[in-house]
>>> print(open('start23.pdb').read())   # PDB, C-alpha atoms and all ligand atoms
ATOM      1  CA  MET A   1      48.370 -11.579 -43.486
ATOM      2  CA  LYS A   2      45.570  -9.345 -42.191
ATOM      3  CA  HIS A   3      46.242  -7.545 -38.929
ATOM      4  CA  VAL A   4      43.067  -7.491 -36.835
ATOM      5  CA  LEU A   5      41.878  -6.277 -33.460
ATOM      6  CA  ILE A   6      38.805  -8.050 -32.069
ATOM      7  CA  ASP A   7      36.365  -6.198 -29.782
ATOM      8  CA  THR A   8      34.139  -8.688 -28.024
ATOM      9  CA  ASP A   9      31.591  -9.513 -25.303
ATOM     10  CA  PRO A  10      32.176 -13.270 -24.816
ATOM     11  CA  GLY A  11      29.486 -14.772 -25.046
ATOM     12  CA  VAL A  12      29.112 -18.187 -26.612
ATOM     13  CA  ASP A  13      29.323 -17.140 -30.243
ATOM     14  CA  ASP A  14      32.091 -14.662 -29.442
ATOM     15  CA  ALA A  15      34.072 -17.554 -27.965
ATOM     16  CA  LEU A  16      33.529 -19.603 -31.121
ATOM     17  CA  ALA A  17      34.603 -16.572 -33.145
ATOM     18  CA  LEU A  18      37.842 -16.316 -31.144
ATOM     19  CA  LEU A  19      38.509 -20.026 -31.778
ATOM     20  CA  LEU A  20      37.977 -19.375 -35.481
ATOM     21  CA  ALA A  21      40.157 -16.251 -35.500
ATOM     22  CA  PHE A  22      43.082 -17.922 -33.737
ATOM     23  CA  GLY A  23      42.644 -20.961 -35.985
ATOM     24  CA  SER A  24      42.997 -18.834 -39.118
ATOM     25  CA  PRO A  25      46.560 -18.271 -40.357
ATOM     26  CA  GLU A  26      45.327 -15.431 -42.567
ATOM     27  CA  LEU A  27      44.837 -13.307 -39.445
ATOM     28  CA  LYS A  28      47.340 -11.814 -37.044
ATOM     29  CA  ILE A  29      45.406 -10.876 -33.936
ATOM     30  CA  GLU A  30      47.004  -7.682 -32.640
ATOM     31  CA  GLY A  31      44.742  -7.381 -29.631
ATOM     32  CA  VAL A  32      41.453  -8.266 -28.012
ATOM     33  CA  THR A  33      39.320  -5.631 -26.318
ATOM     34  CA  THR A  34      36.305  -6.377 -24.160
ATOM     35  CA  VAL A  35      32.991  -4.597 -23.852
ATOM     36  CA  VAL A  36      29.818  -4.966 -21.784
ATOM     37  CA  GLY A  37      27.069  -6.764 -23.662
ATOM     38  CA  ASN A  38      26.208 -10.439 -23.415
ATOM     39  CA  VAL A  39      27.737 -10.363 -19.946
ATOM     40  CA  SER A  40      29.229  -7.746 -17.625
ATOM     41  CA  LEU A  41      32.567  -6.194 -18.589
ATOM     42  CA  GLU A  42      34.232  -8.080 -15.740
ATOM     43  CA  LEU A  43      32.939 -11.420 -16.982
ATOM     44  CA  ALA A  44      33.636 -10.573 -20.624
ATOM     45  CA  SER A  45      37.235  -9.785 -19.694
ATOM     46  CA  LEU A  46      37.621 -12.930 -17.575
ATOM     47  CA  ASN A  47      36.206 -15.053 -20.400
ATOM     48  CA  ALA A  48      38.516 -13.441 -22.943
ATOM     49  CA  LEU A  49      41.550 -14.220 -20.746
ATOM     50  CA  LYS A  50      40.357 -17.805 -20.182
ATOM     51  CA  LEU A  51      39.872 -18.354 -23.912
ATOM     52  CA  LEU A  52      43.208 -16.841 -24.927
ATOM     53  CA  GLU A  53      44.954 -18.950 -22.292
ATOM     54  CA  PHE A  54      43.220 -22.059 -23.664
ATOM     55  CA  LEU A  55      44.431 -21.014 -27.119
ATOM     56  CA  GLY A  56      47.958 -20.378 -25.915
ATOM     57  CA  ALA A  57      47.717 -16.795 -27.156
ATOM     58  CA  VAL A  58      49.872 -15.528 -24.321
ATOM     59  CA  ASP A  59      51.358 -12.587 -26.252
ATOM     60  CA  VAL A  60      48.094 -11.031 -27.418
ATOM     61  CA  PRO A  61      47.096  -8.033 -25.265
ATOM     62  CA  VAL A  62      43.609  -8.147 -23.751
ATOM     63  CA  ALA A  63      42.338  -4.704 -22.746
ATOM     64  CA  SER A  64      39.054  -4.066 -21.017
ATOM     65  CA  GLY A  65      36.739  -1.309 -22.145
ATOM     66  CA  ALA A  66      33.296  -0.013 -21.391
ATOM     67  CA  ALA A  67      31.373  -1.302 -18.386
ATOM     68  CA  GLU A  68      28.228   0.532 -19.498
ATOM     69  CA  PRO A  69      26.783   1.733 -22.826
ATOM     70  CA  LEU A  70      27.336   5.426 -23.616
ATOM     71  CA  VAL A  71      23.870   6.463 -22.478
ATOM     72  CA  ARG A  72      21.616   3.489 -21.815
ATOM     73  CA  GLU A  73      21.543   0.833 -19.103
ATOM     74  CA  ALA A  74      23.301  -2.439 -19.910
ATOM     75  CA  VAL A  75      21.020  -5.390 -20.685
ATOM     76  CA  ASP A  76      22.901  -8.683 -20.570
ATOM     77  CA  GLY A  77      22.267 -11.880 -22.497
ATOM     78  CA  VAL A  78      22.777 -14.285 -19.620
ATOM     79  CA  GLY A  79      19.491 -15.966 -20.540
ATOM     80  CA  ILE A  80      21.131 -16.992 -23.807
ATOM     81  CA  HIS A  81      24.811 -17.361 -22.933
ATOM     82  CA  GLY A  82      24.435 -18.758 -19.399
ATOM     83  CA  GLU A  83      25.580 -17.444 -16.032
ATOM     84  CA  THR A  84      29.276 -17.687 -16.981
ATOM     85  CA  GLY A  85      28.674 -16.414 -20.502
ATOM     86  CA  LEU A  86      30.280 -19.554 -21.940
ATOM     87  CA  GLY A  87      27.340 -21.955 -21.909
ATOM     88  CA  GLU A  88      28.413 -25.227 -20.295
ATOM     89  CA  ALA A  89      32.118 -24.662 -20.929
ATOM     90  CA  VAL A  90      34.349 -24.678 -17.857
ATOM     91  CA  LEU A  91      37.822 -23.226 -18.266
ATOM     92  CA  PRO A  92      40.439 -22.786 -15.525
ATOM     93  CA  GLU A  93      41.004 -19.434 -13.861
ATOM     94  CA  PRO A  94      43.469 -17.670 -16.144
ATOM     95  CA  THR A  95      47.069 -16.842 -15.241
ATOM     96  CA  LEU A  96      47.012 -14.266 -18.040
ATOM     97  CA  LYS A  97      46.332 -10.722 -16.872
ATOM     98  CA  LEU A  98      44.581  -7.793 -18.481
ATOM     99  CA  ASN A  99      46.839  -5.373 -20.328
ATOM    100  CA  GLY A 100      47.543  -2.116 -18.499
ATOM    101  CA  ARG A 101      45.977  -0.124 -21.331
ATOM    102  CA  SER A 102      42.260   0.506 -21.703
ATOM    103  CA  ALA A 103      40.397  -0.781 -24.744
ATOM    104  CA  VAL A 104      40.309   2.726 -26.217
ATOM    105  CA  GLN A 105      44.054   3.155 -25.676
ATOM    106  CA  LEU A 106      44.821  -0.176 -27.324
ATOM    107  CA  ILE A 107      42.516   0.521 -30.283
ATOM    108  CA  VAL A 108      44.011   3.986 -30.855
ATOM    109  CA  GLU A 109      47.603   2.755 -30.444
ATOM    110  CA  LYS A 110      47.131  -0.143 -32.851
ATOM    111  CA  ALA A 111      45.436   2.192 -35.342
ATOM    112  CA  GLU A 112      48.392   4.588 -35.141
ATOM    113  CA  GLU A 113      50.889   1.729 -35.392
ATOM    114  CA  LEU A 114      49.298  -0.194 -38.254
ATOM    115  CA  GLY A 115      47.129   2.341 -40.079
ATOM    116  CA  ASP A 116      45.348   0.851 -43.078
ATOM    117  CA  ARG A 117      46.886  -2.551 -42.346
ATOM    118  CA  LEU A 118      44.527  -2.817 -39.337
ATOM    119  CA  THR A 119      40.986  -4.173 -39.578
ATOM    120  CA  ILE A 120      38.871  -3.968 -36.438
ATOM    121  CA  ILE A 121      36.307  -6.734 -35.879
ATOM    122  CA  PRO A 122      33.651  -5.627 -33.352
ATOM    123  CA  LEU A 123      31.605  -8.635 -32.190
ATOM    124  CA  GLY A 124      29.594  -6.840 -29.504
ATOM    125  CA  PRO A 125      28.021  -3.449 -28.896
ATOM    126  CA  LEU A 126      30.016  -0.605 -30.486
ATOM    127  CA  THR A 127      30.670   1.292 -27.259
ATOM    128  CA  ASN A 128      34.476   0.940 -27.333
ATOM    129  CA  ILE A 129      34.676   1.746 -31.036
ATOM    130  CA  ALA A 130      32.620   4.920 -30.616
ATOM    131  CA  SER A 131      34.745   5.962 -27.638
ATOM    132  CA  ALA A 132      37.938   5.366 -29.632
ATOM    133  CA  ILE A 133      36.603   7.531 -32.471
ATOM    134  CA  GLN A 134      35.689  10.250 -29.976
ATOM    135  CA  ALA A 135      39.158   9.991 -28.403
ATOM    136  CA  LYS A 136      40.927  10.180 -31.770
ATOM    137  CA  PRO A 137      38.657  11.048 -34.726
ATOM    138  CA  GLY A 138      41.572  10.543 -37.119
ATOM    139  CA  ILE A 139      41.372   6.770 -36.799
ATOM    140  CA  VAL A 140      38.398   6.732 -39.171
ATOM    141  CA  GLU A 141      40.818   7.607 -42.000
ATOM    142  CA  GLU A 142      43.722   5.597 -40.566
ATOM    143  CA  VAL A 143      42.378   2.039 -40.315
ATOM    144  CA  GLU A 144      41.358  -0.280 -43.156
ATOM    145  CA  GLY A 145      37.884  -0.426 -41.644
ATOM    146  CA  LEU A 146      35.491  -2.396 -39.497
ATOM    147  CA  VAL A 147      33.945  -5.794 -40.081
ATOM    148  CA  ILE A 148      31.134  -5.747 -37.569
ATOM    149  CA  MET A 149      28.701  -8.370 -36.410
ATOM    150  CA  GLY A 150      25.696  -6.128 -36.133
ATOM    151  CA  GLY A 151      22.530  -4.815 -37.635
ATOM    152  CA  ALA A 152      19.313  -6.088 -39.144
ATOM    153  CA  PHE A 153      18.907  -4.502 -42.557
ATOM    154  CA  ASN A 154      15.700  -6.066 -43.838
ATOM    155  CA  LEU A 155      17.472  -6.973 -47.071
ATOM    156  CA  THR A 156      16.762 -10.708 -46.837
ATOM    157  CA  PRO A 157      13.829 -12.636 -45.310
ATOM    158  CA  TYR A 158      15.999 -13.060 -42.195
ATOM    159  CA  GLY A 159      16.902  -9.394 -41.805
ATOM    160  CA  HIS A 160      14.400  -8.622 -39.018
ATOM    161  CA  GLY A 161      15.442  -7.809 -35.479
ATOM    162  CA  ASN A 162      16.205 -10.042 -32.519
ATOM    163  CA  MET A 163      15.737  -7.454 -29.751
ATOM    164  CA  ASN A 164      12.580  -5.945 -31.225
ATOM    165  CA  ALA A 165      10.951  -6.266 -34.599
ATOM    166  CA  VAL A 166      13.699  -4.304 -36.325
ATOM    167  CA  ALA A 167      16.885  -4.108 -34.217
ATOM    168  CA  GLU A 168      19.807  -6.461 -33.670
ATOM    169  CA  TYR A 169      21.241  -6.778 -30.151
ATOM    170  CA  ASN A 170      24.716  -5.251 -30.658
ATOM    171  CA  ILE A 171      23.237  -2.109 -32.191
ATOM    172  CA  TRP A 172      20.212  -2.066 -29.860
ATOM    173  CA  HIS A 173      22.397  -2.323 -26.735
ATOM    174  CA  ASP A 174      24.202   0.939 -27.499
ATOM    175  CA  PRO A 175      22.451   2.740 -30.368
ATOM    176  CA  GLU A 176      24.165   6.035 -29.582
ATOM    177  CA  ALA A 177      27.546   4.362 -30.009
ATOM    178  CA  ALA A 178      26.436   2.711 -33.234
ATOM    179  CA  LYS A 179      25.226   6.070 -34.558
ATOM    180  CA  ILE A 180      28.621   7.634 -33.823
ATOM    181  CA  VAL A 181      30.369   4.787 -35.642
ATOM    182  CA  PHE A 182      28.049   4.639 -38.660
ATOM    183  CA  ASP A 183      28.041   8.442 -39.057
ATOM    184  CA  SER A 184      31.832   8.781 -38.603
ATOM    185  CA  GLY A 185      32.866   7.849 -42.127
ATOM    186  CA  ILE A 186      34.895   4.847 -40.991
ATOM    187  CA  PRO A 187      34.538   2.059 -43.592
ATOM    188  CA  VAL A 188      32.009  -0.454 -42.259
ATOM    189  CA  LYS A 189      31.249  -3.928 -43.560
ATOM    190  CA  ALA A 190      28.195  -5.177 -41.672
ATOM    191  CA  VAL A 191      27.548  -8.874 -41.079
ATOM    192  CA  GLY A 192      23.970  -8.648 -39.895
ATOM    193  CA  LEU A 193      21.100 -10.927 -39.048
ATOM    194  CA  ASP A 194      20.139 -10.884 -42.730
ATOM    195  CA  VAL A 195      22.896 -13.470 -43.265
ATOM    196  CA  THR A 196      23.765 -14.825 -39.813
ATOM    197  CA  THR A 197      20.255 -16.184 -39.172
ATOM    198  CA  ASN A 198      19.826 -17.704 -42.631
ATOM    199  CA  PRO A 199      18.764 -21.295 -41.743
ATOM    200  CA  LEU A 200      21.312 -22.645 -44.248
ATOM    201  CA  ASN A 201      24.005 -20.875 -42.282
ATOM    202  CA  ARG A 202      23.241 -22.135 -38.802
ATOM    203  CA  LEU A 203      24.996 -24.849 -36.829
ATOM    204  CA  THR A 204      22.486 -27.706 -36.960
ATOM    205  CA  PRO A 205      22.041 -30.493 -34.389
ATOM    206  CA  GLU A 206      23.403 -32.866 -37.052
ATOM    207  CA  LEU A 207      26.621 -30.851 -37.492
ATOM    208  CA  PHE A 208      26.859 -30.535 -33.710
ATOM    209  CA  ALA A 209      26.586 -34.306 -33.354
ATOM    210  CA  GLU A 210      29.591 -34.597 -35.699
ATOM    211  CA  PHE A 211      31.867 -33.082 -33.104
ATOM    212  CA  GLU A 212      30.145 -33.493 -29.766
ATOM    213  CA  SER A 213      31.730 -36.867 -29.171
ATOM    214  CA  LEU A 214      35.220 -36.035 -30.455
ATOM    215  CA  ASP A 215      37.781 -36.560 -27.711
ATOM    216  CA  VAL A 216      39.831 -33.492 -28.623
ATOM    217  CA  ALA A 217      40.113 -30.515 -26.265
ATOM    218  CA  ARG A 218      39.105 -27.973 -28.917
ATOM    219  CA  ALA A 219      36.077 -29.966 -30.029
ATOM    220  CA  ARG A 220      35.063 -30.580 -26.411
ATOM    221  CA  LEU A 221      35.236 -26.842 -25.686
ATOM    222  CA  ALA A 222      33.198 -26.019 -28.800
ATOM    223  CA  ALA A 223      30.635 -28.646 -27.814
ATOM    224  CA  ASP A 224      30.387 -27.357 -24.241
ATOM    225  CA  LEU A 225      29.898 -23.831 -25.559
ATOM    226  CA  CYS A 226      27.144 -24.832 -27.987
ATOM    227  CA  ARG A 227      25.272 -27.697 -26.321
ATOM    228  CA  SER A 228      22.680 -25.786 -24.330
ATOM    229  CA  LEU A 229      21.710 -23.478 -27.194
ATOM    230  CA  ILE A 230      21.662 -26.303 -29.744
ATOM    231  CA  ARG A 231      19.193 -28.174 -27.524
ATOM    232  CA  ARG A 232      17.067 -25.116 -26.674
ATOM    233  CA  MET A 233      17.002 -23.523 -30.139
ATOM    234  CA  ASN A 234      17.383 -26.680 -32.260
ATOM    235  CA  GLY A 235      20.473 -25.126 -33.787
ATOM    236  CA  LEU A 236      22.724 -22.095 -33.320
ATOM    237  CA  SER A 237      23.153 -18.936 -35.368
ATOM    238  CA  LEU A 238      26.895 -18.370 -35.756
ATOM    239  CA  HIS A 239      26.672 -14.573 -35.673
ATOM    240  CA  ASP A 240      30.200 -13.653 -34.519
ATOM    241  CA  PRO A 241      32.039 -16.523 -36.254
ATOM    242  CA  LEU A 242      30.617 -15.329 -39.576
ATOM    243  CA  ALA A 243      31.997 -11.835 -39.007
ATOM    244  CA  VAL A 244      35.457 -13.300 -38.390
ATOM    245  CA  ALA A 245      35.069 -15.593 -41.406
ATOM    246  CA  VAL A 246      34.250 -12.575 -43.588
ATOM    247  CA  ALA A 247      37.477 -10.930 -42.420
ATOM    248  CA  VAL A 248      39.325 -14.147 -43.299
ATOM    249  CA  ASP A 249      37.651 -14.615 -46.686
ATOM    250  CA  PRO A 250      35.531 -11.720 -47.977
ATOM    251  CA  SER A 251      34.417 -13.889 -50.912
ATOM    252  CA  LEU A 252      32.127 -15.794 -48.525
ATOM    253  CA  VAL A 253      29.557 -12.998 -48.785
ATOM    254  CA  GLU A 254      28.048 -10.657 -51.308
ATOM    255  CA  THR A 255      27.718  -7.063 -50.099
ATOM    256  CA  LYS A 256      25.735  -4.072 -51.286
ATOM    257  CA  ARG A 257      26.552  -0.487 -50.330
ATOM    258  CA  PHE A 258      23.876   1.625 -48.716
ATOM    259  CA  LYS A 259      23.331   4.726 -46.664
ATOM    260  CA  VAL A 260      22.480   3.349 -43.223
ATOM    261  CA  GLU A 261      21.366   5.392 -40.232
ATOM    262  CA  VAL A 262      20.833   4.196 -36.674
ATOM    263  CA  GLU A 263      17.605   4.931 -34.821
ATOM    264  CA  THR A 264      18.338   6.232 -31.329
ATOM    265  CA  VAL A 265      14.975   7.788 -30.410
ATOM    266  CA  GLY A 266      12.142   5.470 -31.473
ATOM    267  CA  ALA A 267      10.259   3.615 -28.764
ATOM    268  CA  LEU A 268       9.487   0.716 -31.069
ATOM    269  CA  THR A 269      12.536   1.092 -33.294
ATOM    270  CA  ARG A 270      15.445   1.679 -30.889
ATOM    271  CA  GLY A 271      18.619   0.351 -32.556
ATOM    272  CA  MET A 272      17.107  -0.096 -36.007
ATOM    273  CA  THR A 273      19.681   0.091 -38.818
ATOM    274  CA  ILE A 274      17.691   2.030 -41.379
ATOM    275  CA  VAL A 275      18.681   1.376 -44.995
ATOM    276  CA  ASP A 276      17.870   4.197 -47.395
ATOM    277  CA  ARG A 277      16.611   2.407 -50.527
ATOM    278  CA  ARG A 278      14.774   5.324 -52.057
ATOM    279  CA  ARG A 279      14.976   5.241 -55.839
ATOM    280  CA  TYR A 280      14.065   8.931 -56.048
ATOM    281  CA  HIS A 281      16.093  11.255 -53.803
ATOM    282  CA  LYS A 282      18.642   8.410 -54.007
ATOM    283  CA  ALA A 283      21.445   8.635 -51.459
ATOM    284  CA  SER A 284      24.671   9.991 -52.950
ATOM    285  CA  GLU A 285      27.829   7.873 -53.188
ATOM    286  CA  THR A 286      29.385   9.861 -50.357
ATOM    287  CA  GLU A 287      26.334   9.289 -48.154
ATOM    288  CA  MET A 288      26.596   5.532 -48.614
ATOM    289  CA  ASN A 289      28.490   4.411 -45.507
ATOM    290  CA  VAL A 290      27.972   0.680 -45.040
ATOM    291  CA  ASP A 291      28.708  -2.410 -47.130
ATOM    292  CA  VAL A 292      25.901  -4.702 -45.998
ATOM    293  CA  CYS A 293      26.194  -8.479 -46.386
ATOM    294  CA  VAL A 294      23.190  -9.628 -48.405
ATOM    295  CA  SER A 295      24.074 -13.257 -49.091
ATOM    296  CA  VAL A 296      26.503 -15.883 -47.832
ATOM    297  CA  ASP A 297      28.061 -19.061 -49.206
ATOM    298  CA  ALA A 298      26.765 -21.056 -46.254
ATOM    299  CA  GLU A 299      28.350 -24.339 -47.286
ATOM    300  CA  ARG A 300      31.830 -22.843 -47.510
ATOM    301  CA  PHE A 301      31.371 -20.913 -44.282
ATOM    302  CA  LEU A 302      30.242 -23.945 -42.295
ATOM    303  CA  ARG A 303      33.144 -25.965 -43.700
ATOM    304  CA  LEU A 304      35.556 -23.223 -42.653
ATOM    305  CA  PHE A 305      33.934 -23.138 -39.213
ATOM    306  CA  MET A 306      34.166 -26.901 -38.686
ATOM    307  CA  ASP A 307      37.732 -27.116 -40.026
ATOM    308  CA  ARG A 308      39.080 -24.268 -37.938
ATOM    309  CA  VAL A 309      36.927 -24.137 -34.810
ATOM    310  CA  VAL A 310      36.437 -27.845 -34.212
ATOM    311  CA  HIS A 311      39.326 -29.534 -36.005
ATOM    312  CA  ASP A 312      41.938 -26.758 -35.915
ATOM    313  CA  LYS A 313      42.838 -27.461 -39.549
ATOM    314  CA  GLY A 314      43.760 -23.844 -40.155
ATOM    315  CA  GLY A 315      47.225 -24.934 -41.049
TER     316      GLY A 315
HETATM  317  O1  LIG B   1      22.692 -10.331 -32.211
HETATM  318  C1  LIG B   1      23.793 -11.190 -32.138
HETATM  319  C2  LIG B   1      24.916 -10.561 -31.386
HETATM  320  O2  LIG B   1      24.504 -10.299 -30.038
HETATM  321  C3  LIG B   1      26.151 -11.472 -31.254
HETATM  322  O3  LIG B   1      27.312 -10.688 -31.246
HETATM  323  C4  LIG B   1      25.967 -12.124 -29.914
HETATM  324  O4  LIG B   1      27.212 -12.447 -29.282
HETATM  325  C5  LIG B   1      25.294 -11.027 -29.133
HETATM  326  O5  LIG B   1      26.308 -10.179 -28.629
HETATM  327 CA    CA B   2      28.950 -10.864 -29.426
END
>>> encode(input="start23.pdb", output="structure tokens")
Amino acid sequence: MKHVLIDTDPGVDDALALLLAFGSPELKIEGVTTVVGNVSLELASLNALKLLEFLGAVDVPVASGAAEPLVREAVDGVGIHGETGLGEAVLPEPTLKLNGRSAVQLIVEKAEELGDRLTIIPLGPLTNIASAIQAKPGIVEEVEGLVIMGGAFNLTPYGHGNMNAVAEYNIWHDPEAAKIVFDSGIPVKAVGLDVTTNPLNRLTPELFAEFESLDVARARLAADLCRSLIRRMNGLSLHDPLAVAVAVDPSLVETKRFKVEVETVGALTRGMTIVDRRRYHKASETEMNVDVCVSVDAERFLRLFMDRVVHDKGG
């Protein structure tokens, strides 16, 4: 059993990732924290409560976090995720309430309680994680580490940016936070665009058709979440679900360890995750701070996704 805390900005793919996480018996979800990103903090928190209520996860604390990035202005993804942040999905107003603690308080408390039994899975900008590290620097040695959805490492043909030529949205949205996290020494496994946008790894219209017509609440919700993007983009990159899947089964990906720095100044390169691949002046072992996913077993991942998100066959 892996104890995890999920930090999220739901968001269509975040919602699918939560379905996958709660459909995976290997994970015990200790808490969900929300962050501004795809949608406002208020909407991210409302969506998290709606989703956990749908999942019956009534005992999992949901704590809201940052309403703005550390320094920059928030830039939402409503154009992608829709006005509600959940595509075409309509869920009832939740009876669940936000936990009295802030996201930083919940992250720090769970880190103190569980130590290296806790893995944190950030699926949005790293604002809450950076703030938790600033609040209690010791957590970088306490927790098992982070499995983040974030970064574009230029290590595969798909490792270019989605917010500019070189930066991935979660890092781009709050590069100062990402720099704090990457430079902190906390163990980071990065599930970046290099693997999440691999065409073999995307949800295709054909796979979507397999579950769109299923008359099962879970499949209907997944279909309502995905439909608009499947039609507009002729498929859907399962960014956040892959990060959760990697926490469930690390053997789904191959990783390579690099020294990675985050660009916070560049006009053209804001949010770039810069991999130091110099063969001379090679980065030292201690400087290498990120295990970057460089390949994925797409077939096994998509099977896990369909079994656990759509069919709830997690067991
Ligand atoms: O770049 C992809 C990431 O940005 C995903 O986490 C998606 O939810 C958006 O937040
Ligand atoms: Ca996200």
>>> residues_near_ligand(input="start23.pdb", ligand="ligand LIG 1 (chain B)", cutoff="7 Å", atoms="all atoms listed in the file", output="ChimeraX atom specification")
/A:9-14,37-38,123-125,149-150,162,168-170,239-240
>>> closest_residue(input="start23.pdb", among="A:Ala21, A:Val32, A:Lys136, A:Gly85", to="Asp7 of chain A", atoms="only C-alpha atoms")
A:Val32
>>> resolve_selection(input="start23.pdb", expression="the PyMOL selection byres (((chain A and resi 56-65) around 8) and not hetatm)", output="PyMOL selection string")
chain A and resi 29-36+41+45+48-49+52-55+66-67+96-104+106+128
>>> resolve_selection(input="start23.pdb", expression="the PyMOL selection byres (((chain A and resi 222) around 9) and not hetatm)", output="MDAnalysis selection string")
chainID A and resid 15:16 19 89 211:212 217:221 223:227 309:310
>>> closest_residue(input="start23.pdb", among="A:Val90, A:Ala44, A:Met272, A:Ile186", to="ligand CA 2 (chain B)", atoms="all atoms listed in the file")
A:Ala44
>>> resolve_selection(input="start23.pdb", expression="the PyMOL selection byres (((chain A and resi 247) around 10) and not hetatm)", output="PyMOL selection string")
chain A and resi 2+4+21+26-27+119-121+146-148+189+241-246+248-252
>>> write_last_selection(input="start23.pdb", atoms="C-alpha atoms", output="PDB file, keeping the file's coordinate frame")
ATOM      1  CA  LYS A   2      45.570  -9.345 -42.191  1.00  0.00           C
ATOM      2  CA  VAL A   4      43.067  -7.491 -36.835  1.00  0.00           C
ATOM      3  CA  ALA A  21      40.157 -16.251 -35.500  1.00  0.00           C
ATOM      4  CA  GLU A  26      45.327 -15.431 -42.567  1.00  0.00           C
ATOM      5  CA  LEU A  27      44.837 -13.307 -39.445  1.00  0.00           C
ATOM      6  CA  THR A 119      40.986  -4.173 -39.578  1.00  0.00           C
ATOM      7  CA  ILE A 120      38.871  -3.968 -36.438  1.00  0.00           C
ATOM      8  CA  ILE A 121      36.307  -6.734 -35.879  1.00  0.00           C
ATOM      9  CA  LEU A 146      35.491  -2.396 -39.497  1.00  0.00           C
ATOM     10  CA  VAL A 147      33.945  -5.794 -40.081  1.00  0.00           C
ATOM     11  CA  ILE A 148      31.134  -5.747 -37.569  1.00  0.00           C
ATOM     12  CA  LYS A 189      31.249  -3.928 -43.560  1.00  0.00           C
ATOM     13  CA  PRO A 241      32.039 -16.523 -36.254  1.00  0.00           C
ATOM     14  CA  LEU A 242      30.617 -15.329 -39.576  1.00  0.00           C
ATOM     15  CA  ALA A 243      31.997 -11.835 -39.007  1.00  0.00           C
ATOM     16  CA  VAL A 244      35.457 -13.300 -38.390  1.00  0.00           C
ATOM     17  CA  ALA A 245      35.069 -15.593 -41.406  1.00  0.00           C
ATOM     18  CA  VAL A 246      34.250 -12.575 -43.588  1.00  0.00           C
ATOM     19  CA  VAL A 248      39.325 -14.147 -43.299  1.00  0.00           C
ATOM     20  CA  ASP A 249      37.651 -14.615 -46.686  1.00  0.00           C
ATOM     21  CA  PRO A 250      35.531 -11.720 -47.977  1.00  0.00           C
ATOM     22  CA  SER A 251      34.417 -13.889 -50.912  1.00  0.00           C
ATOM     23  CA  LEU A 252      32.127 -15.794 -48.525  1.00  0.00           C
TER      24      LEU A 252
END
>>> residues_around(input="start23.pdb", residues="Thr286 of chain A", least_positions_apart="4", cutoff="12 Å", atoms="only C-alpha atoms", output="ChimeraX atom specification")
/A:183,185-187,257-260,282,290
>>> atom_distance(input="start23.pdb", atom1="atom CA of ligand CA 2 (chain B)", atom2="atom CA of Glu176 of chain A")
17.6 Å
>>> closest_residue(input="start23.pdb", among="A:Leu51, A:Val39, A:Ala178, A:Leu229", to="Ser131 of chain A", atoms="all atoms listed in the file")
A:Ala178
>>> closest_residue(input="start23.pdb", among="A:Leu238, A:Val216, A:Met163, A:Ala74", to="ligand CA 2 (chain B)", atoms="only C-alpha atoms and all ligand atoms")
A:Leu238
>>> atom_distance(input="start23.pdb", atom1="atom CA of Ala167 of chain A", atom2="atom CA of Ile180 of chain A")
16.6 Å
>>> closest_residue(input="start23.pdb", among="A:Glu68, A:Asp291, A:Asp76, A:Glu93", to="ligand CA 2 (chain B)", atoms="all atoms listed in the file")
A:Asp76
>>> residues_around(input="start23.pdb", residues="Glu113 of chain A", least_positions_apart="5", cutoff="10 Å", atoms="all atoms listed in the file", output="NGL selection string")
:A and (107-108 or 118 or 142-143)
>>> closest_residue(input="start23.pdb", among="A:His81, A:Lys256, A:His3, A:Arg72", to="ligand CA 2 (chain B)", atoms="only C-alpha atoms and all ligand atoms")
A:His81
>>> atom_distance(input="start23.pdb", atom1="atom CA of Ala132 of chain A", atom2="atom CA of Thr8 of chain A")
14.6 Å
